[in-house]
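Trainee: Just one file: start30.tsv, with TSV, C-alpha atoms and all ligand atoms.
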```tsv
chain	number	residue	atom	x	y	z
A	157	THR	CA	0.00	0.00	0.00
A	158	PHE	CA	1.00	3.57	-0.73
A	159	GLY	CA	2.38	5.91	1.95
A	160	TRP	CA	5.27	8.10	3.06
A	161	THR	CA	6.65	5.88	5.81
A	162	LYS	CA	8.24	3.72	3.12
A	163	TYR	CA	9.26	4.01	-0.52
A	164	ASN	CA	6.60	3.04	-3.05
A	165	SER	CA	6.85	1.02	-6.25
A	166	LEU	CA	5.87	2.49	-9.62
A	167	ALA	CA	2.64	0.45	-9.56
A	168	GLU	CA	1.80	1.85	-6.11
A	169	ILE	CA	2.55	5.41	-7.21
A	170	TYR	CA	0.38	5.09	-10.31
A	171	ALA	CA	-2.51	3.49	-8.41
A	172	TRP	CA	-2.34	6.32	-5.86
A	173	LEU	CA	-2.26	8.87	-8.69
A	174	ASP	CA	-5.46	7.37	-10.06
A	175	ASP	CA	-7.10	7.67	-6.62
A	176	ILE	CA	-6.03	11.32	-6.37
A	177	LEU	CA	-7.28	12.12	-9.87
A	178	ALA	CA	-10.63	10.51	-9.06
A	179	ALA	CA	-10.92	12.37	-5.74
A	180	TYR	CA	-10.11	15.82	-7.18
A	181	PRO	CA	-11.51	15.73	-10.72
A	182	THR	CA	-11.99	19.47	-11.16
A	183	ILE	CA	-8.58	20.55	-9.87
A	184	THR	CA	-6.38	17.80	-11.26
A	185	GLU	CA	-5.74	16.53	-14.73
A	186	SER	CA	-3.78	13.47	-15.80
A	187	PHE	CA	-1.22	13.80	-18.57
A	188	ILE	CA	1.09	11.39	-20.36
A	189	VAL	CA	4.65	12.40	-21.14
A	190	GLY	CA	5.23	9.35	-23.34
A	191	GLN	CA	6.44	5.77	-23.30
A	192	SER	CA	9.73	4.40	-22.00
A	193	TYR	CA	12.08	2.10	-23.88
A	194	GLU	CA	10.49	-0.93	-22.17
A	195	GLY	CA	7.01	0.37	-22.99
A	196	ARG	CA	5.93	1.82	-19.66
A	197	THR	CA	3.84	4.97	-19.53
A	198	ILE	CA	5.49	8.07	-18.09
A	199	ARG	CA	2.68	9.84	-16.29
A	200	GLY	CA	2.16	13.23	-14.75
A	201	ILE	CA	-0.44	15.27	-12.94
A	202	LYS	CA	-1.45	18.88	-13.48
A	203	ILE	CA	-2.91	20.72	-10.49
A	204	SER	CA	-4.68	23.96	-11.29
A	205	TYR	CA	-7.11	25.87	-9.10
A	206	LYS	CA	-7.63	28.80	-11.47
A	207	SER	CA	-6.63	30.17	-14.85
A	208	ASN	CA	-3.65	32.40	-15.65
A	209	ASN	CA	-1.45	31.13	-12.86
A	210	PRO	CA	2.31	31.00	-13.38
A	211	GLY	CA	3.36	27.43	-14.15
A	212	VAL	CA	5.87	25.28	-12.32
A	213	LEU	CA	7.16	22.03	-13.81
A	214	ILE	CA	8.65	19.41	-11.51
A	215	GLU	CA	10.74	16.65	-13.05
A	216	SER	CA	11.48	13.89	-10.58
A	217	ASN	CA	13.29	10.54	-10.47
A	218	ILE	CA	15.13	11.02	-13.77
A	219	HIS	CA	17.87	9.10	-11.95
A	220	ALA	CA	16.48	5.72	-11.03
A	221	ARG	CA	18.02	5.24	-7.58
A	222	GLU	CA	17.04	8.69	-6.26
A	223	TRP	CA	13.90	7.44	-4.55
A	224	ILE	CA	13.56	10.41	-2.21
A	225	THR	CA	12.62	12.52	-5.26
A	226	SER	CA	9.39	10.68	-6.15
A	227	ALA	CA	8.54	10.27	-2.47
A	228	THR	CA	8.84	14.06	-2.11
A	229	ALA	CA	6.98	14.82	-5.34
A	230	THR	CA	4.01	12.66	-4.32
A	231	TRP	CA	3.95	14.18	-0.83
A	232	LEU	CA	3.86	17.67	-2.40
A	233	ILE	CA	0.95	16.64	-4.64
A	234	ASN	CA	-0.93	15.44	-1.58
A	235	GLU	CA	-0.19	18.63	0.38
A	236	PHE	CA	-1.31	20.86	-2.50
A	237	LEU	CA	-4.64	19.06	-2.56
A	238	THR	CA	-5.30	18.46	1.13
A	239	SER	CA	-3.43	20.95	3.30
A	240	THR	CA	-5.35	23.62	5.21
A	241	ASP	CA	-2.19	25.57	6.07
A	242	GLU	CA	-2.35	29.14	4.75
A	243	LEU	CA	1.12	29.11	3.21
A	244	VAL	CA	0.48	25.82	1.44
A	245	ARG	CA	-2.93	26.94	0.17
A	246	ASP	CA	-1.38	30.11	-1.31
A	247	LEU	CA	1.39	28.12	-2.91
A	248	ALA	CA	-0.94	25.45	-4.28
A	249	GLU	CA	-3.70	27.69	-5.58
A	250	ASN	CA	-1.61	30.48	-7.09
A	251	HIS	CA	0.49	28.26	-9.36
A	252	ASP	CA	-0.27	25.69	-11.99
A	253	TRP	CA	1.68	22.55	-11.16
A	254	TYR	CA	2.89	20.05	-13.72
A	255	ILE	CA	4.45	17.19	-11.79
A	256	VAL	CA	6.14	14.12	-13.26
A	257	PRO	CA	6.87	11.96	-10.21
A	258	VAL	CA	8.89	9.28	-12.03
A	259	LEU	CA	10.48	10.17	-15.37
A	260	ASN	CA	12.90	7.23	-15.63
A	261	VAL	CA	10.24	4.58	-15.16
A	262	ASP	CA	12.28	1.63	-16.49
A	263	GLY	CA	15.27	2.44	-14.32
A	264	PHE	CA	13.02	2.99	-11.30
A	265	VAL	CA	11.39	-0.43	-11.68
A	266	TYR	CA	14.87	-1.93	-12.11
A	267	THR	CA	16.01	-0.37	-8.82
A	268	HIS	CA	13.05	-1.98	-7.07
A	269	GLU	CA	13.45	-5.40	-8.66
A	270	LYS	CA	17.13	-5.95	-9.50
A	271	ASP	CA	19.71	-3.34	-8.56
A	272	ARG	CA	18.96	-0.64	-5.98
A	273	MET	CA	21.88	1.49	-7.20
A	274	TRP	CA	20.89	1.70	-10.88
A	275	ARG	CA	21.02	5.28	-12.23
A	276	LYS	CA	20.56	5.22	-16.00
A	277	THR	CA	17.88	4.29	-18.51
A	278	ARG	CA	17.49	0.65	-19.61
A	279	GLN	CA	17.94	0.95	-23.38
A	280	PRO	CA	20.72	-1.37	-24.63
A	281	SER	CA	23.72	0.08	-26.41
A	282	GLU	CA	24.53	-0.84	-30.01
A	283	ILE	CA	28.27	-0.67	-29.40
A	284	SER	CA	28.60	-2.29	-25.99
A	285	SER	CA	27.04	-4.86	-23.72
A	286	CYS	CA	26.54	-2.14	-21.09
A	287	ILE	CA	22.98	-0.93	-20.74
A	288	GLY	CA	21.46	2.52	-20.53
A	289	ALA	CA	22.49	6.15	-20.81
A	290	ASP	CA	22.50	8.89	-18.21
A	291	PRO	CA	19.17	10.60	-18.95
A	292	ASN	CA	20.49	13.81	-17.38
A	293	ARG	CA	23.23	13.95	-20.03
A	294	ASN	CA	20.95	13.18	-22.97
A	295	TYR	CA	19.24	16.52	-23.64
A	296	ASP	CA	20.27	18.45	-26.72
A	297	SER	CA	22.13	21.33	-25.11
A	298	HIS	CA	25.92	21.46	-25.31
A	299	TRP	CA	25.61	17.67	-25.52
A	300	MET	CA	28.84	15.84	-24.58
A	301	GLU	CA	30.84	19.08	-24.29
A	302	ASN	CA	33.69	19.95	-21.91
A	303	GLU	CA	33.95	16.57	-20.17
A	304	GLY	CA	30.41	17.09	-18.91
A	305	ALA	CA	29.48	13.55	-19.94
A	306	SER	CA	31.14	10.30	-20.97
A	307	SER	CA	31.16	8.65	-24.40
A	308	ASN	CA	31.75	5.27	-22.75
A	309	PRO	CA	28.48	3.28	-22.68
A	310	CYS	CA	29.60	1.63	-19.45
A	311	ALA	CA	30.04	4.94	-17.61
A	312	GLU	CA	27.40	6.20	-15.18
A	313	ASP	CA	27.36	9.54	-17.02
A	314	TYR	CA	27.22	8.13	-20.55
A	315	GLY	CA	25.55	10.78	-22.72
A	316	GLY	CA	24.02	8.24	-25.11
A	317	PRO	CA	24.81	7.74	-28.82
A	318	LYS	CA	23.16	11.04	-29.76
A	319	PRO	CA	21.06	13.77	-28.11
A	320	PHE	CA	17.57	12.53	-27.24
A	321	SER	CA	18.53	8.92	-27.99
A	322	GLU	CA	16.61	7.87	-24.88
A	323	PRO	CA	12.85	7.70	-25.55
A	324	GLU	CA	12.07	9.02	-22.06
A	325	ILE	CA	14.12	12.17	-22.70
A	326	GLN	CA	12.82	12.66	-26.23
A	327	ALA	CA	9.29	12.45	-24.78
A	328	MET	CA	10.06	14.80	-21.90
A	329	SER	CA	11.58	17.35	-24.27
A	330	GLU	CA	8.43	17.28	-26.41
A	331	PHE	CA	6.27	17.66	-23.33
A	332	VAL	CA	8.30	20.64	-22.09
A	333	ILE	CA	8.06	22.28	-25.51
A	334	SER	CA	4.30	21.71	-25.55
A	335	ILE	CA	3.81	23.60	-22.26
A	336	LYS	CA	6.75	25.98	-22.28
A	337	ASP	CA	4.62	29.09	-22.82
A	338	LYS	CA	2.81	28.18	-19.60
A	339	ILE	CA	5.79	27.46	-17.37
A	340	ASN	CA	7.96	30.02	-15.60
A	341	VAL	CA	9.95	27.70	-13.39
A	342	LEU	CA	11.40	24.22	-13.82
A	343	LEU	CA	12.60	22.22	-10.84
A	344	ALA	CA	14.54	19.00	-11.40
A	345	PHE	CA	14.53	16.81	-8.29
A	346	HIS	CA	17.68	14.83	-7.52
A	347	SER	CA	19.57	13.42	-4.58
A	348	TYR	CA	21.83	13.67	-2.74
A	349	SER	CA	24.05	16.52	-1.39
A	350	GLN	CA	21.62	19.28	-0.29
A	351	LEU	CA	22.34	21.69	-3.11
A	352	LEU	CA	20.50	24.16	-5.31
A	353	LEU	CA	22.14	24.17	-8.71
A	354	SER	CA	21.47	26.73	-11.43
A	355	PRO	CA	22.69	26.70	-15.04
A	356	TYR	CA	25.23	26.46	-16.48
A	357	GLY	CA	26.18	22.82	-16.27
A	358	HIS	CA	28.40	22.75	-19.33
A	359	THR	CA	30.92	25.39	-18.21
A	360	LYS	CA	32.14	27.03	-15.04
A	361	GLU	CA	33.87	29.80	-16.96
A	362	GLU	CA	30.61	31.57	-17.76
A	363	PHE	CA	27.43	32.38	-15.88
A	364	PRO	CA	23.90	33.00	-17.13
A	365	PRO	CA	22.73	36.61	-17.55
A	366	ASN	CA	20.31	36.34	-14.61
A	367	PHE	CA	22.76	34.48	-12.38
A	368	ASP	CA	22.60	37.03	-9.54
A	369	ASP	CA	18.82	36.74	-9.44
A	370	MET	CA	19.05	32.97	-9.49
A	371	MET	CA	21.44	33.02	-6.55
A	372	GLU	CA	19.06	35.26	-4.58
A	373	VAL	CA	16.28	32.83	-5.32
A	374	ALA	CA	18.44	29.90	-4.23
A	375	LYS	CA	19.39	31.70	-1.03
A	376	ALA	CA	15.70	32.18	-0.25
A	377	TYR	CA	15.21	28.42	-0.57
A	378	GLY	CA	18.17	27.69	1.70
A	379	ASP	CA	17.11	30.24	4.31
A	380	ALA	CA	13.60	28.81	4.38
A	381	VAL	CA	14.91	25.28	4.91
A	382	GLU	CA	17.06	26.55	7.77
A	383	SER	CA	13.97	28.04	9.43
A	384	LEU	CA	12.75	24.49	10.11
A	385	PRO	CA	13.99	22.74	13.24
A	386	TYR	CA	15.88	19.96	11.43
A	387	GLY	CA	19.24	21.72	11.07
A	388	THR	CA	19.43	20.90	7.36
A	389	VAL	CA	21.66	23.24	5.35
A	390	TYR	CA	21.61	23.76	1.57
A	391	ARG	CA	24.46	25.23	-0.47
A	392	TYR	CA	23.91	26.84	-3.86
A	393	GLY	CA	25.70	27.94	-7.02
A	394	SER	CA	25.93	27.06	-10.68
A	395	ALA	CA	26.00	23.33	-11.41
A	396	ALA	CA	29.42	23.37	-13.05
A	397	GLY	CA	30.71	25.92	-10.55
A	398	ILE	CA	30.02	24.12	-7.30
A	399	LEU	CA	29.51	20.48	-8.36
A	400	TYR	CA	31.07	19.33	-11.63
A	401	PRO	CA	30.58	19.93	-15.35
A	402	ALA	CA	27.44	18.14	-16.55
A	403	SER	CA	26.29	18.86	-20.09
A	404	GLY	CA	22.97	17.83	-21.60
A	405	ALA	CA	21.05	18.11	-18.31
A	406	THR	CA	17.35	18.99	-18.14
A	407	ILE	CA	17.69	22.40	-16.55
A	408	ASP	CA	20.39	23.53	-18.95
A	409	TRP	CA	18.37	22.48	-21.97
A	410	ALA	CA	15.25	24.18	-20.58
A	411	TYR	CA	17.19	27.34	-19.78
A	412	ASN	CA	19.46	27.55	-22.83
A	413	GLU	CA	17.23	26.18	-25.55
A	414	GLN	CA	13.68	26.78	-24.30
A	415	GLY	CA	13.98	30.06	-22.44
A	416	VAL	CA	12.76	28.77	-19.07
A	417	GLU	CA	14.46	31.51	-17.08
A	418	ILE	CA	14.30	29.92	-13.67
A	419	SER	CA	15.59	26.36	-13.79
A	420	TYR	CA	17.07	24.56	-10.82
A	421	THR	CA	18.37	21.20	-9.91
A	422	ILE	CA	17.57	20.49	-6.28
A	423	GLU	CA	19.73	17.82	-4.67
A	424	PHE	CA	17.82	16.62	-1.61
A	425	ARG	CA	19.01	14.95	1.60
A	426	ASP	CA	21.44	13.82	2.78
A	427	THR	CA	25.13	14.79	2.53
A	428	GLY	CA	26.45	11.27	2.26
A	429	ARG	CA	25.80	9.30	5.42
A	430	TYR	CA	23.10	7.25	3.69
A	431	GLY	CA	23.33	8.83	0.25
A	432	PHE	CA	20.84	7.34	-2.21
A	433	ILE	CA	19.68	4.75	0.36
A	434	LEU	CA	18.06	7.40	2.52
A	435	PRO	CA	15.97	5.78	5.28
A	436	PRO	CA	12.21	6.37	4.94
A	437	VAL	CA	12.08	8.38	8.19
A	438	HIS	CA	13.63	11.17	6.14
A	439	ILE	CA	10.81	11.29	3.59
A	440	ILE	CA	8.46	13.66	5.40
A	441	PRO	CA	11.13	15.97	6.85
A	442	ASN	CA	12.79	16.19	3.44
A	443	ALA	CA	9.44	16.90	1.80
A	444	GLU	CA	8.63	19.59	4.39
A	445	GLU	CA	11.94	21.22	3.55
A	446	ALA	CA	11.13	21.04	-0.16
A	447	LEU	CA	7.71	22.57	0.45
A	448	ILE	CA	8.90	25.55	2.47
A	449	GLY	CA	11.91	25.95	0.18
A	450	ILE	CA	9.84	25.99	-3.00
A	451	ALA	CA	7.37	28.42	-1.41
A	452	ALA	CA	10.22	30.81	-0.61
A	453	LEU	CA	11.81	30.34	-4.01
A	454	LEU	CA	8.60	31.21	-5.85
A	455	GLU	CA	7.92	34.14	-3.55
A	456	LYS	CA	11.40	35.50	-4.31
A	457	CYS	CA	10.83	35.05	-8.05
A	458	LYS	CA	7.68	37.14	-7.73
A	459	ASP	CA	9.58	39.90	-5.85
A	460	LEU	CA	12.23	39.98	-8.55
A	461	GLY	CA	9.52	40.26	-11.20
B	1	LIG	O1	25.03	14.57	-12.11
B	1	LIG	C1	23.84	14.89	-12.16
B	1	LIG	O2	23.13	14.66	-13.12
B	1	LIG	C2	23.22	15.60	-10.95
B	1	LIG	N1	23.73	15.04	-9.74
B	1	LIG	S1	23.29	13.52	-9.31
B	1	LIG	O3	24.10	13.14	-8.15
B	1	LIG	N2	21.79	13.53	-8.82
B	1	LIG	O4	23.44	12.65	-10.42
B	1	LIG	C3	23.58	17.06	-11.01
B	1	LIG	C4	23.17	17.74	-12.28
B	1	LIG	C5	23.38	19.21	-12.21
B	1	LIG	N3	24.05	19.64	-13.35
B	1	LIG	C6	23.43	20.36	-14.31
B	1	LIG	N4	22.25	20.81	-14.13
B	1	LIG	N5	24.06	20.56	-15.43
B	2	ZN	ZN	28.41	24.74	-26.42
B	3	ZN	ZN	20.35	12.72	-9.99
```
Could you spell out this file's structure in structure tokens?

Mentor:
Amino acid sequence: TFGWTKYNSLAEIYAWLDDILAAYPTITESFIVGQSYEGRTIRGIKISYKSNNPGVLIESNIHAREWITSATATWLINEFLTSTDELVRDLAENHDWYIVPVLNVDGFVYTHEKDRMWRKTRQPSEISSCIGADPNRNYDSHWMENEGASSNPCAEDYGGPKPFSEPEIQAMSEFVISIKDKINVLLAFHSYSQLLLSPYGHTKEEFPPNFDDMMEVAKAYGDAVESLPYGTVYRYGSAAGILYPASGATIDWAYNEQGVEISYTIEFRDTGRYGFILPPVHIIPNAEEALIGIAALLEKCKDLG
């Protein structure tokens, strides 16, 4: 059964999504991003209380083993629909939410059934017996540049044989393009390290034109998280600047090629003690941090205009 005291399977998440859609038929809408290599449906939910809201797109679990991301995304969906807290109601009702809880569906199922530490997609390579590409290196933006991805099919950060070679990423790119006039902010959920990462990923020599604004926005997220009693601290900067070069990532493609001016990677808990195998007791505290952080981030965006 579905819940936030444990991690849920894809089947459990999708069954829960159906329950939610049935319970809130006027506020929610189901959408399909596309099909995975193994033929699974990549699903999403739109939450909209009124027209002309700014749009926020949440991409989650692009990396298969990062289970805290879909746990957090589903908890946020539930809060947006059920919370009576003033801050949450404002946040929920004054934005249109497009949430894809599990983008890398094949990899996610594989982490549940075969290998908990799987990261990539599950599409076989034509030049190697190694399977899958790093979906967060597969977008068509500075693809494979500056050592931001590997050309070795066995590497964890293999960029794939060409941009958008992975059906999940091709589908996601088409979905983003189809709604891009409606979205102002894109948040890509990852774990772990407790970081807010802005573009650019492909170079640390240059910074985006609105970098100062993006850092203010990131600081607002971090400050909000620190206002909770958990003692969790987030650091922030450009992806290449404070982490490592990573080209072909979602947020860089959305920012560079699609004009989504506020695009962040959020790396959730923890800082390495448990890493990807984060115990389920962290799910709700992590999700509370995400909620208050995202509220502050969007508020700061509004202030900056
Ligand atoms: O390497 C990644 O794809 C992300 N880190 S993770 O440990 N979750 O794999 C960071 C991506 C951030 N980089 C860019 N946005 N370019
Ligand atoms: Zn380039
Ligand atoms: Zn990741």

Trainee: Can you pull out the residues contacting Ala396 in chain A? Cut-off 7 Å, using all atoms listed in the file, and skip same-chain residues under 3 positions away; I want them as a PyMOL selection string.

Mentor: chain A and resi 356-360+399-402

Trainee: Within 12 Å of (5.3, 26.8, -6.1), in the coordinates the file gives, what residues turn up when you count all atoms listed in the file, written out as a ChimeraX atom specification?

Mentor: /A:203-204,209-214,232-233,235-236,243-255,339-343,377,446-458

Trainee: What residues have any atom no more than 8 Å from ligand ZN 2 (chain B) when counting all atoms listed in the file, and can you list them as a PyMOL selection string?

Mentor: chain A and resi 297-299+301+358

Trainee: Around ligand LIG 1 (chain B), at most 7 Å away and counting only C-alpha atoms and all ligand atoms, which residues are there? Put them as a VMD selection string, please.

Mentor: chain A and resid 219 292 to 293 346 to 348 353 to 358 395 to 396 401 to 408 421 423

Trainee: Compile the contact shell of Phe345 in chain A as a list in words: residues with an atom at most 7 Å away, counting only C-alpha atoms, same-chain residues fewer than 3 positions apart removed.

Mentor: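 Listing them by chain and then by number gives Glu215, Ser216, Asn217, Thr225, Thr421, Ile422 and Glu423 of chain A.
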
Trainee: Could you check the closest approach to Asp426 in chain A for each of A:Leu237, A:Gln414, A:Phe367, A:Leu351 and tell me which residue wins, using all atoms listed in the file?

Mentor: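 Comparing A:Leu237, A:Gln414, A:Phe367, A:Leu351 against Asp426 in chain A, the winner is A:Leu351.
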
Trainee: For range 288-315 of chain A against range 261-275 of chain A, with a cut-off of 10 Å and counting all atoms listed in the file, what is the closest atom pair and its distance in Å to one decimal for every residue that makes the cut, ordered by chain and number, as a Markdown table?

Mentor:
```
| residue | atom | partner | partner_atom | distance |
| --- | --- | --- | --- | --- |
| A:Gly288 | CA | A:Arg275 | CA | 8.8 |
| A:Ala289 | CA | A:Arg275 | CA | 8.7 |
| A:Asp290 | CA | A:Arg275 | CA | 7.1 |
| A:Pro291 | CA | A:Arg275 | CA | 8.8 |
| A:Asn292 | CA | A:Arg275 | CA | 10.0 |
| A:Glu312 | CA | A:Arg275 | CA | 7.1 |
| A:Asp313 | CA | A:Arg275 | CA | 9.0 |
```

Trainee: Could you check the closest approach to ligand ZN 3 (chain B) for each of A:Lys276, A:Arg391, A:Lys202, A:Arg429 and tell me which residue wins, using only C-alpha atoms and all ligand atoms?

Mentor: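 Among A:Lys276, A:Arg391, A:Lys202, A:Arg429, it is A:Lys276 that comes nearest to ligand ZN 3 (chain B).
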